[in-house]
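Worksheet: one structure, shown below.
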Amino acid sequence: NLITVGPSPAKVPGGGPPRDLIDADVDALRRGIPNASAVIPAVTGQALAETDTNKYRSQVVGSTEDWLGVSNRDMALGTFFDHSQARSTARVVILGPTVATSLFGEPEAALRQAVRFNHQTFQVIGVMQAAGEPADNDAVMPLDTARRFVFGGGDKLNQITVQADQASDVPAVEDHVISVLSDRHRILDPARRDFEVQSLRTRLDSFNQVLQILTLFTASVAAISLVVGAIGVLNIML
């Protein structure tokens, strides 16, 4: 029931320069979309995590206190940051298990330790459960904290995640997202959108199509092998 919105990866032919997603887009989506239980902004980017003895390049995610639930992640140790920490731009971070192990040897040793991103010191308040790569490479912190201390300020966003109330609401919510952002970005021609909207259901359907093609291809190769083998046997018998 998740829909992701991101900036267009390339300039639209015949159109102006793509517009960045910003905080005002999130506010407009929260006001203008029914059947959506959450609208979560995020900034992301690679950053070098450092301790006094180790270094590790991780994926830094700056978002709200709702990120954990919407992303379907769980805590293994410690706690996730709360609303007050998010509002006060507290320098706290939650590490994925790969990051915690690479920096501290084991996840348990990471709690309440200091780690530096962009030469700024953060306190590790939690470690997430394993979810597989690349998710285990995440280091999550409050949105404004990430902007101020890691990515250099501003109100730009890399991604907006919209959670529909139910899976059956996804097509309608996706249409509302496109409508709201098209109005805000003054886009009349759908071919010239400066943003991308994808649902996890669409990605799953695409994956299933690829899987079906691979299955048919494998069956075809097997059938050809059997035919060739049968011809060889027939020639020997003859």
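In the structure tokens, each chain is lettered A, B, ... as it comes, each chain's residues begin at 1, and ligands are numbered from 1 in order of appearance.
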Using only C-alpha atoms, find each residue in range 4-99 of chain A having at least one atom no more than 7 Å away from range 176-186 of chain A; report its shortest atom-to-atom pair and that distance in Å (one decimal), rows by chain then rising number, as JSON lines.
{"residue": "A:Asp25", "atom": "CA", "partner": "A:Leu181", "partner_atom": "CA", "distance": 7.0}
{"residue": "A:Leu29", "atom": "CA", "partner": "A:Val180", "partner_atom": "CA", "distance": 6.6}
{"residue": "A:Gly32", "atom": "CA", "partner": "A:Val180", "partner_atom": "CA", "distance": 6.8}
{"residue": "A:Ile33", "atom": "CA", "partner": "A:His176", "partner_atom": "CA", "distance": 6.0}
Output N, CA, C and O atoms for every residue in that selection, as a CSV table (one decimal), in the first residue's frame.
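Printed below is out.csv as written:
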chain,number,residue,atom,x,y,z
A,25,ASP,N,5.4,20.6,-1.1
A,25,ASP,CA,4.7,19.5,-1.8
A,25,ASP,C,4.1,18.5,-0.8
A,25,ASP,O,3.0,18.0,-1.0
A,29,LEU,N,0.2,17.5,-0.4
A,29,LEU,CA,-0.3,16.1,-0.4
A,29,LEU,C,-1.0,15.7,0.8
A,29,LEU,O,-2.0,15.0,0.8
A,32,GLY,N,-4.4,17.3,0.4
A,32,GLY,CA,-5.2,17.0,-0.8
A,32,GLY,C,-5.5,15.6,-1.1
A,32,GLY,O,-6.2,15.3,-2.1
A,33,ILE,N,-5.1,14.6,-0.2
A,33,ILE,CA,-5.2,13.2,-0.6
A,33,ILE,C,-6.1,12.5,0.5
A,33,ILE,O,-5.7,12.4,1.6
(Q) DSSP on the backbone, strand (DSSP E) only: what residues of range 8-203 of chain A does that give? Format it as a PyMOL selection string. (A) chain A and resi 21-22+36-50+55-63+75-78+92-95+114-117+120-128+138-142+156-157+159-164+195-199
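The residue set within 9 Å of Gln46 in chain A, counting only C-alpha atoms and dropping same-chain residues fewer than 3 places from it, reads Arg57, Ser58, Gln59, Val60 and Val61 of chain A.
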Same residues, C-alpha atoms, saved as a PDB file, in the first residue's frame:
ATOM      1  CA  ARG A  57      30.241   4.624   3.802  1.00  0.00           C
ATOM      2  CA  SER A  58      26.526   4.331   4.490  1.00  0.00           C
ATOM      3  CA  GLN A  59      23.243   5.602   3.112  1.00  0.00           C
ATOM      4  CA  VAL A  60      22.007   8.464   5.297  1.00  0.00           C
ATOM      5  CA  VAL A  61      18.223   8.892   5.461  1.00  0.00           C
TER       6      VAL A  61
END
Q: Check the smallest atom-to-atom distance from each of A:Asn235, A:Gln198, A:Ser63, A:Asn158 to Arg19 in chain A using only C-alpha atoms, then report the winner.
A: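 Looking only at the distances to Arg19 in chain A, the closest residue turns out to be A:Asn158.
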(Q) So that I can see what lies close to Gly132 in chain A, please list as a PyMOL selection string the residues with an atom at most 12 Å from it, counting only C-alpha atoms and leaving out residues fewer than 3 positions away in the same chain. (A) chain A and resi 73+96-98+128-129+135-138
Q.
Could you check the closest approach to Val39 in chain A for each of A:Ala139, A:Val227, A:Ile160, A:Val233 and tell me which residue wins, using only C-alpha atoms?
A. A:Ile160
Q: as a PyMOL selection string, list the residues of range 48-210 of chain A assigned to alpha helix (DSSP H) by DSSP on the backbone atoms of this structure.
A: chain A and resi 67-70+83-87+97-104+143-146+170-184+200-210
Q) Of the candidates A:Phe122, A:Phe80, A:Tyr56, A:Phe217, which one gets nearest to Ala100 in chain A if we count only C-alpha atoms? A)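 Smallest separation from Ala100 in chain A among the options: A:Tyr56.
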(Q) So the first atom is CA of Val124 in chain A and the second is CA of Ser71 in chain A; what is the distance between them in Å, to one decimal place? (A) 19.7 Å
Q | Long-range neighbours of Leu21 in chain A as a PyMOL selection string, 8 Å cut-off, only C-alpha atoms, 3 positions minimum in chain | A | chain A and resi 6-7+25+156-159
Q | Coordinates-based distance that separates CA of Glu133 in chain A from CA of Glu108 in chain A (Å, one decimal) | A |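 Between these atoms lies a distance of 19.7 Å.
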Q: Name the closest residue to Val93 in chain A among the candidates A:Pro171, A:Pro41, A:Pro134, A:Gly78; distances are taken between atoms, counting only C-alpha atoms.
A: A:Gly78
Q: Work out how far CA of Asn118 in chain A is from CA of Val70 in chain A, in Å to one decimal.
A: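 We find that CA of Val70 in chain A and CA of Asn118 in chain A lie 27.2 Å from each other.
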